[in-house]
Structures are given as C-alpha cells and as structure tokens.
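Down below is the structure, laid out as structure tokens.
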Amino acid sequence: MSLKKETKFWLIKHFLTFPTYYIINLFARTIKVTYQNHEAITDLLNEGGRVVIASWHQRFFGGFYIPKILRRPISIMISQSRDGDFIAGVVERIGWVPVRGSGSRGGKEALRTLVDDMRVNGLTGHIVDGPTGPPRVIKPGLISLAHLAGAAICPAFVFYERPWVFNSWDRFMVPKPFSRVVLRFGSLIFLPGAMDSERFESYRQQVEQVMRDGYENDDPFVNGGNSIQRFAL
C-alpha cells in the first residue's frame with residue numbers, strides 16, 4: 001500500500017476515532033431508550049453461565065446501549081480491514097471488546113479468541129447476518145460460537161419509532177433524534193452438548209425463525225406493547 005494511503009488511514013484512526021465516538025454519544029443521548037427482559041442474561045451470568053447476544057446487522061445501532069445496560073465487558077468480532085481498525089476504536093470506547101476477524105479473514109482465530117474470552121467474561125455479541133448478508137439469514141458462525149463456548153443464545157430485538165433507513169444491502173436503520181427505541185432481549189436458547197450436521201442446521205433455522213418472528217409480530221410501535229424500564233445514558 002502506498003505511503004499516501006497509509007498516512008490517510010493512520011490519520012483517520014488516530015484523529016477521527018474519538019470525535020466520531022463523541023458525536024455518536026451526543027446523538028445517542030437524544031434518544032429515549034427502554035429495555036426489556038435483560039434479567040435472564042444477568043441471572044445466567046451470575047450463575048457462571050455464558051451468553052451470545054445475536055442481532056441483525058440492520059439494527060446494530062442499538063448495540064450502543066447494551067454494554068451500559070448489562071454493565072459487563074462484551075466481546076464482538078470486528079473485521080481486520082482498515083475500516084475495521086476505525087470501527088474497533090469507536091466500539092471500544094462504547095464499551096465493547098473488539099476481537100479482530102471475519103468469515104473471510106482471520107475468522108477461525110477470532111472465533112477461538114471469542115470462545116476463550118467468554119470463558120472469562122461469559123458474554124459476547126454477534127452480528128449474525130453480517131458483514132455482507134444476505135440479510136436476515138443467520139450464518140453458521142453463531143451456532144459454532146455458542147456450541148464451542150457452551151453458551152446460550154439470546155436474540156436481541158431493537159425497535160425504532162421513527163428510523164432513517166439507508167439504501168444498503170440490509171436497509172440499515174438509525175433512529176431519528178428525540179425518537180424512541182425499545183431494546184428487547186428474547187428468551188434464551190440452549191444448545192445440546194453434542195450436535196451432528198442435521199441438528200446444527202435445525203438450531204440455526206430455529207434461531208433465525210425466532211428472530212424473524214420477533215420483528216414481524218412484536219414491534220411495539222406497530223402492534224402496541226409496554227416498555228418496562230427506562231434507561232438513561
């Protein structure tokens with residue numbers, strides 16, 4: 001790579017990371033956030049269990065609030081790309097613990113690191129259809145991670161009252177300022193100790209269907225519903 005490009009990426013990493021976090025933090029403070037059903041996660045962690053929080057790529061803006069809600073270090077896989085360098089610096093300031101890798105580069109090493117980290121901290125987040133889709137299709141990495149770590153899977157649902165919707169592969173959403181967001185943690189899904197390929201695929205499909213149904217049937221801004229606990233940054 002040319003010196004000019006190296007210099008550009010160095011400047012972005014070292015001089016734009018904090019301003020970007022600062023701007024996102026100020027923006028996030030304008031949002032009224034409520035959250036539901038986090039107790040099952042904290043109860044299992046307090047008992048020495050492990051949890052993988054699963055989210056669609058489209059809704060990962062809601063991840064800004066999760067470390068502050070659960071008050072624990074949470075690992076997450078970030079690609080080893082130059083863009084990933086910048087993203088890792090931002091999410092680390094939010095409270096996530098970036099582990100570098102992706103399905104196409106460094107994924108096996110990152111998966112092992114996530115499993116080792118979960119044995120210490122017990123908690124990780126996973127974008128189940130990222131980074132390039134197809135949207136709302138769970139990739140095998142979620143089941144592999146949870147099975148290797150002996151962890152339960154917790155689908156995370158993020159509902160926006162009035163989002164901006166971007167023209168990206170996943171129709172990425174960002175809530176508008178002064179709107180409402182509901183972050184709902186779904187029921188824990190436990191995997192068996194031993195799985196053949198057929199059972200592995202069955203659980204992958206099960207989690208995928210749970211996440212699809214959760215968004216289609218339970219959106220509080222469409223179907224009504226109660227937000228049970230307000231959260232302030």
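Going through the structure tokens in order, the chains are called A, B, and so on, while each chain numbers its residues from 1 and the ligands are numbered from 1 in the order shown.
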**OP:** Quick one: everything within 12 Å of A:Pro140, counting only C-alpha atoms, minus sequence neighbours fewer than 2 positions away in the same chain. Send it as a PyMOL selection string.
**Re:** chain A and resi 103+111+126-130+137-138+142-147+197+200-205+207-208
Subject >> Distance query A:Thr42 at most 10 Å, only C-alpha atoms, self and fewer than 6 positions along chain excluded, as JSON, numbers by chain >> reply: {"A": [48, 49, 50, 51, 70, 71, 72, 123]}
**OP:** Taking the chain letters and numbering used in this document, name the residues of chain A that DSSP puts in strand (DSSP E), as a ChimeraX atom specification.
**Re:** /A:32-36,51-55,74-78,96-100,123-127,152-160,163-165,173-175,180-185,230-231
**OP:** Measure the distance from atom CA of A:Leu26 to atom CA of A:Phe221 in Å and round it to one decimal.
**Re:** 24.2 Å
Subject >> Between atom CA of A:Gly122 and atom CA of A:Leu45, distance in Å (one decimal) >> reply: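 So the answer is 6.5 Å.
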Original post:
Do you know which residues are at most 7 Å from A:Leu188 counting only C-alpha atoms, after dropping those on the same chain fewer than 6 positions away, and could you put them as a ChimeraX atom specification?
Top reply: /A:152-154
Store the residues picked out above in a file with C-alpha atoms, as a CSV table (one decimal), in the first residue's frame.
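So the final result, stored in again.csv, reads:
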chain,number,residue,atom,x,y,z
A,152,ALA,CA,-26.9,-19.9,25.5
A,153,ILE,CA,-28.1,-17.7,22.5
A,154,CYS,CA,-30.1,-14.6,23.3
**OP:** Any chance you could list, as a PyMOL selection string, the residues in stretch 5-208 of chain A that come up helix (DSSP H, G or I) when DSSP is run on the backbone?
**Re:** chain A and resi 5-15+17-28+39-46+57-64+66-70+82-94+107-121+141-149+197-208
**OP:** Please identify all polymer residues within 8 Å of stretch 113-116 of chain A, counting only C-alpha atoms, omitting same-chain residues fewer than 3 positions from it, and present them as number ranges by chain.
**Re:** A: 75-77, 99, 109-110, 119-120, 124, 145, 148-149
Original post:
Counting only C-alpha atoms, which of A:Gly101, A:Pro177, A:Pro163, A:Gly150 gets nearest to A:Met118?
Top reply: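 The shortest atom-to-atom distance to A:Met118 comes from A:Gly150.
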